[in-house]
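*Asks:* I have a structure here, written as structure tokens, and I will follow up with some questions on it.
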Amino acid sequence: MKLRRRIGRRPRGTWRAAFFLATLGLATSAAPAGAAGGTLRYGRGMDAVGLDPAHESDGESFKVCDNLYEGLVRFRDEDTRVEPCLAESWDVDSTGTIWTFHLRDGVLFHCGKPLTADAVEYSLARQWSAREPRHPAYGVGGPYPFWGYLGLDETLAAIEVVGEREIRFRLREPSAPFLSNLACNFAAIVCPDDAEEHGEEFFRHPCGTGPFAFESWRRAESITIARFEDYWGAPAGPERVIFRSIPENSTRFFELLSGSLDLMDGVPPDDVGAIEKNRSLELLKAPGMNVAYLAMNLDHQPFDDVRVRQAVNYAVDKRAIVDGLYAGLAEPAAGPVPPNVFAARTDLADYYHDPEKAKALLREAGYPDGFETTLWTMTGPRPYMPQPLRVAQVLQADLASVGIHANIVSYEWGTYLDRVHRGHHDLALLGWQADNGDPDNFLFVHFDESAARPPAGNIAFYRGERVHELLLEGQRTIDPERRIAVYGEVQEILHRDAPWVPLVHTLEIAAQSKRVSGYRLHPTGRVILSGVELAR
Amino acid sequence: MLGYVVRRIAWLAPTLFGVSLVTFFFVHWMPGDPAEILAGEHASPTLIAEIRHELRLDRPLPEQYVRYLGDVARGDLGRSAKTHEDVRDEIRRYFPATAELALAAMTIAIAIGVPAGLVAARRPGGWVDATATSIASVGVSMPVFWLGLLLMYALAVHWPILPVSGRGFAASEIESRTGLVVLDALLARDFSAAAESARHLVLPALVLGTVPMAVLARMTRSSVVEALGQDYVRTARAKGLRESTVLLRHAARNGILPTLTVAGLQFGALLGGAILTETIFAWPGVGRWIVLAVEARDVRVLQAGVLLIALSFALVNLLTDVLYAALDPRIKLR
């Protein structure tokens with residue numbers, strides 16, 4: 001108790017202890033460059049796995065990659081609308097299948113070589129498993145998790161180098177998310193010469209065109225990147241950035257409090273109050289592009305009955321979960337698509353908390369005395385759900401109040417995913433974080449019938465013919481108005497069929513020292529540090 | 001004695017073989033498909049199949065095991081499926097961090113625990129004994145997590161005398177000869193880097209050393225108390241020797257032997273990685289390495305990690321036995 005209360009204040013006795021140490025000749029700074037100024041020290045929970053953007057699938061790797069590499073296009077600072085990056089401009093033909101990108105002049109890789117259309121071709125074609133024959137660099141360094149999953153194997157017909165600074169993509173059919181996909185991390189442009197030279201080891205010798213260049217990596221400890229002086233755009237604010245891996249949340253927070261970190265993510269909800277009270281720290285918040293949900297397995301009785309699924313929706317008190325378990329750092333979710341995603345239906349009224357209505361629906365469905373079921377949950381925290389076990393317990397109590405007796409089943413992450421993807425559960429908690437900010441990215445993987453085959457992303461095992469047709473149409477339609485109508489109808493059907501209880505959309509949060517300015521949280525969770533300024 | 005040591009080392013082979021067999025099958029019977037976990041939340045079946053093939057998971061289990069044994073015999077521990085690094089490089093990175101922490105923790109534990117036990121044994125039931133015994137009981141039962149965060153807040157945040165966590169950056173430019181950062185800095189005659197690295201070591205070593213310290217104190221106390229009741233001690237006292245000589249030269253010399261065994265076991269356990277301490281203090285050691293490998297079902301890392309723990313435990317035990325024989329003339333190692 002005492003510990004928590006004191007955290008809110010500035011640490012006292014700092015200068016006294018410093019004096020004591022200085023007299024002993026022991027006082028030294030915690031990080032070398034902190035004293036030199038211009039070094040931003042960023043604390044996060046885990047180390048990166050690798051630094052070749054095509055091969056990575058974890059957020060921690062991308063936090064570093066996003067500062068080293070760039071793609072043809074990028075998301076704007078505040079949302080997922082696409083803007084030019086390495087490509088100055090692009091044209092699309094009238095059929096929507098031929099995309100030509102014009103590269104910016106004077107862009108250099110960190111090794112000093114210029115950016116060319118060949119480098120773009122190399123970076124993308126090497127990931128293309130459906131290409132015949134495969135690119136000579138295909139598979140070097142491991143598999144490509146995002147390429148296939150975002151459907152590029154099916155979308156692409158050809159990649160052609162038109163000129164030194166012009167590249168053309170031919171698609172099999174129009175694809176609405178194509179441009180957004182090119183703004184994703186995996187489509188970043190790497191230096192082909194360095195990638196060839198290092199082969200399998202390129203993941204630890206990264207070379208891109210970004211505002212920072214790689215400097216050093218101490219596995220499980222830290223990664224240091226330094227300002228790239230020949231960067232084509234505005235030069236990065238910090239001279240150096242050190243990403244430190246500090247797994248324990250409280251330790252990371254203590255590092256921030258003691259001044260040996262400038263910025264940290266993974267702020268535990270319990271510490272939010274202490275940060276807000278501390279005069280030397282600042283809490284950053286922004287709407288996230290994610291959803292946490294409770295899926296009902298339609299292949300298991302009684303969840304094949306829509307009345308039962310609606311009853312479960314009426315039984316859950318989302319507001320209590322947001323206030324009690326997210327410290328208010330989330331919004332109740334009315335549907336699977338977060339409100340800041342294109343084509344989200346914010347007009348559909350959510351199922352409100354009404355236990356009586358839930359009981360009435362259960363009676364109507366033939367379960368006047370309720371029933372027994374299982375409620376599955378992962379044990380460890382996820383970005384969209386910091387305390388899954390406690391969420392499960394609250395849901396268990398909510399369900400019990402309408403007569404549904406849910407036994408909690410929990411596994412650690414690996415086992416959990418495996419079993420849930422195979423549909424062993426009745427009810428299961430899970431969540432999703434946006435990749436490209438397109439509605440397709442939230443709806444196809446979770447509700448299309450093709451995603452209901454194990455290992456399934458559609459863990460409600462929801463299958464709807466109309467929804468399937470619409471989801472395919474949404475992917476192939478370029479016209480934004482038509483897409484709004486298509487995805488609007490999908491959301492309406494899902495609202496009625498209720499395969500999920502959409503629970504919450506969490507806010508992106510981070511904590512920073514007041515020395516730091518200019519850092520903005522991105523809704524996709526991307527960490528872009530070039531605009532940061534550090535006060536001395 | 002040399003013959004004994006050679007035979008003990010020869011016995012390591014079947015021990016490690018047994019360990020490898022058990023680990024191999026345990027890892028494969030654990031729920032969760034390694035390929036699927038590595039591929040991520042929404043991977044395509046093609047990708048999962050590719051990974052499965054790369055990891056040879058598509059081969060029959062006995063074949064996988066035989067090929068694995070062949071690799072190990074050639075000194076090839078494989079690559080981590082998650083980080084794509086050579087497992088030997090990972091061991092070279094993480095094991096010295098754990099060894100450094102374990103050595104420091106054990107030094108603290110012995111330096112405080114053994115004298116405390118001796119002092120307590122002098123007057124069993126006296127106030128010194130009562131105090132030392134209660135502190136030791138608290139030490140054994142103190143949750144590492146709580147103690148770690150408490151000390152961290154007190155000594156690194158409230159009174160910022162020590163760094164909060166990590167191994168520090170001072171020695172990052174120094175060539176790694178032993179992997180023990182403090183030692184490397186000393187060998188390079190960079191004393192400020194050595195001091196800075198040592199400061200990073202203090203808090204985690206203190207936290208990690210608490211339980212062994214308490215165990216050693218209790219062990220030393222009880223075995224010395226027992227020794228003090230022996231006939232040879234009465235004889236020594238009857239000769240008119242000073243009480244301190246009786247305690248240190250006669251009782252402690254015999255009483256300390258069980259303590260040595262316990263210290264060896266404790267040290268062996270610490271070398272297996274102290275998961276909680278490493279996690280709290282962001283210490284890049286073997287414990288965290290293995291836990292992350294379990295989460296990722298990183299088969300090669302898990303197998304190598306368990307072998308490494310078994311090997312270091314066996315070697316520490318051997319060392320303890322040899323020391324035991326050196327200290328106790330009644331024991332002959334054949």
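Naming scheme: A, B, ... for chains in displayed order of the structure tokens; residues 1 onward per chain; ligands 1 onward as shown.
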Quick one: which residues from chain B are at most 8 Å off chain A, using only C-alpha atoms, as a PyMOL selection string?
*Replies:* chain B and resi 31-33+36-37+39-45+47+50-51+82-84+149-150+152-153+156-161+163-166+168-170+195-196+279-284+295-297
*Asks:* Can you check which residues of range 237-266 of chain B DSSP gives as alpha helix (DSSP H) on the backbone and send them as an MDAnalysis selection string?
*Replies:* chainID B and resid 237:238 243:245 252:266
*Asks:* CA of Leu72 in chain A and CA of Leu534 in chain A, how far apart in Å?
*Replies:*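 Answer for the CA of Leu534 in chain A to CA of Leu72 in chain A separation: 29.1 Å.
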*Asks:* Which residues, written as a PDB file with C-alpha atoms, in the first residue's frame, have at least one atom at most 12 Å from Ala130 in chain B, with only C-alpha atoms counted and residues fewer than 6 positions away on the same chain left out?
*Replies:*
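File produced: result_28.pdb:
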ATOM      1  CA  ALA B 116      25.396 -16.050  10.975  1.00  0.00           C
ATOM      2  CA  GLY B 117      24.883 -19.789  11.489  1.00  0.00           C
ATOM      3  CA  VAL B 119      27.279 -17.160  15.722  1.00  0.00           C
ATOM      4  CA  ALA B 120      23.801 -18.549  16.297  1.00  0.00           C
ATOM      5  CA  ALA B 121      25.236 -21.960  17.160  1.00  0.00           C
ATOM      6  CA  ARG B 122      27.424 -20.566  19.886  1.00  0.00           C
ATOM      7  CA  ARG B 123      24.533 -20.125  22.294  1.00  0.00           C
ATOM      8  CA  PRO B 124      21.541 -22.086  21.058  1.00  0.00           C
ATOM      9  CA  ALA B 136      16.478 -16.989   8.322  1.00  0.00           C
ATOM     10  CA  SER B 137      12.872 -18.201   8.494  1.00  0.00           C
ATOM     11  CA  ARG B 218      20.041 -22.715   9.327  1.00  0.00           C
ATOM     12  CA  ARG B 221      23.627 -23.623  12.869  1.00  0.00           C
TER      13      ARG B 221
END
*Asks:* Using only C-alpha atoms, pick whichever of B:Leu61, B:Val87, B:Leu55, B:Val322 has the shortest atom-to-atom distance to Leu308 in chain B.
*Replies:*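 The answer is B:Val87, which sits nearest to Leu308 in chain B.
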*Asks:* Show which residues sit within 8 Å of Ile135 in chain B, as a ChimeraX atom specification. Count only C-alpha atoms, and ignore same-chain residues fewer than 4 positions away.
*Replies:* /B:131,139,214
*Asks:* Near range 265-271 of chain A, within 9 Å and counting only C-alpha atoms, which residues show up once chain neighbours fewer than 5 positions away are dropped, as a PyMOL selection string?
*Replies:* chain A and resi 4+7+42-45+249-250+252-253+276+325-329+383+386+508-512
*Asks:* Mind giving me the straight-line distance from CA of Gly125 in chain B to CA of Val225 in chain B in Å, one decimal?
*Replies:*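 Pair CA of Gly125 in chain B / CA of Val225 in chain B returns 10.8 Å.
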*Asks:* Quick one: residues within 8 Å of range 166-176 of chain A, only C-alpha atoms counted, chain neighbours fewer than 2 positions away excluded, as an MDAnalysis selection string?
*Replies:* chainID A and resid 95:103 117 120:121 154:164 178:179 474:478
*Asks:* Just how far from CA of Thr377 in chain A is CA of Ala392 in chain A, in Å to one decimal?
*Replies:*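 About the pair CA of Ala392 in chain A and CA of Thr377 in chain A: they are 6.6 Å apart.
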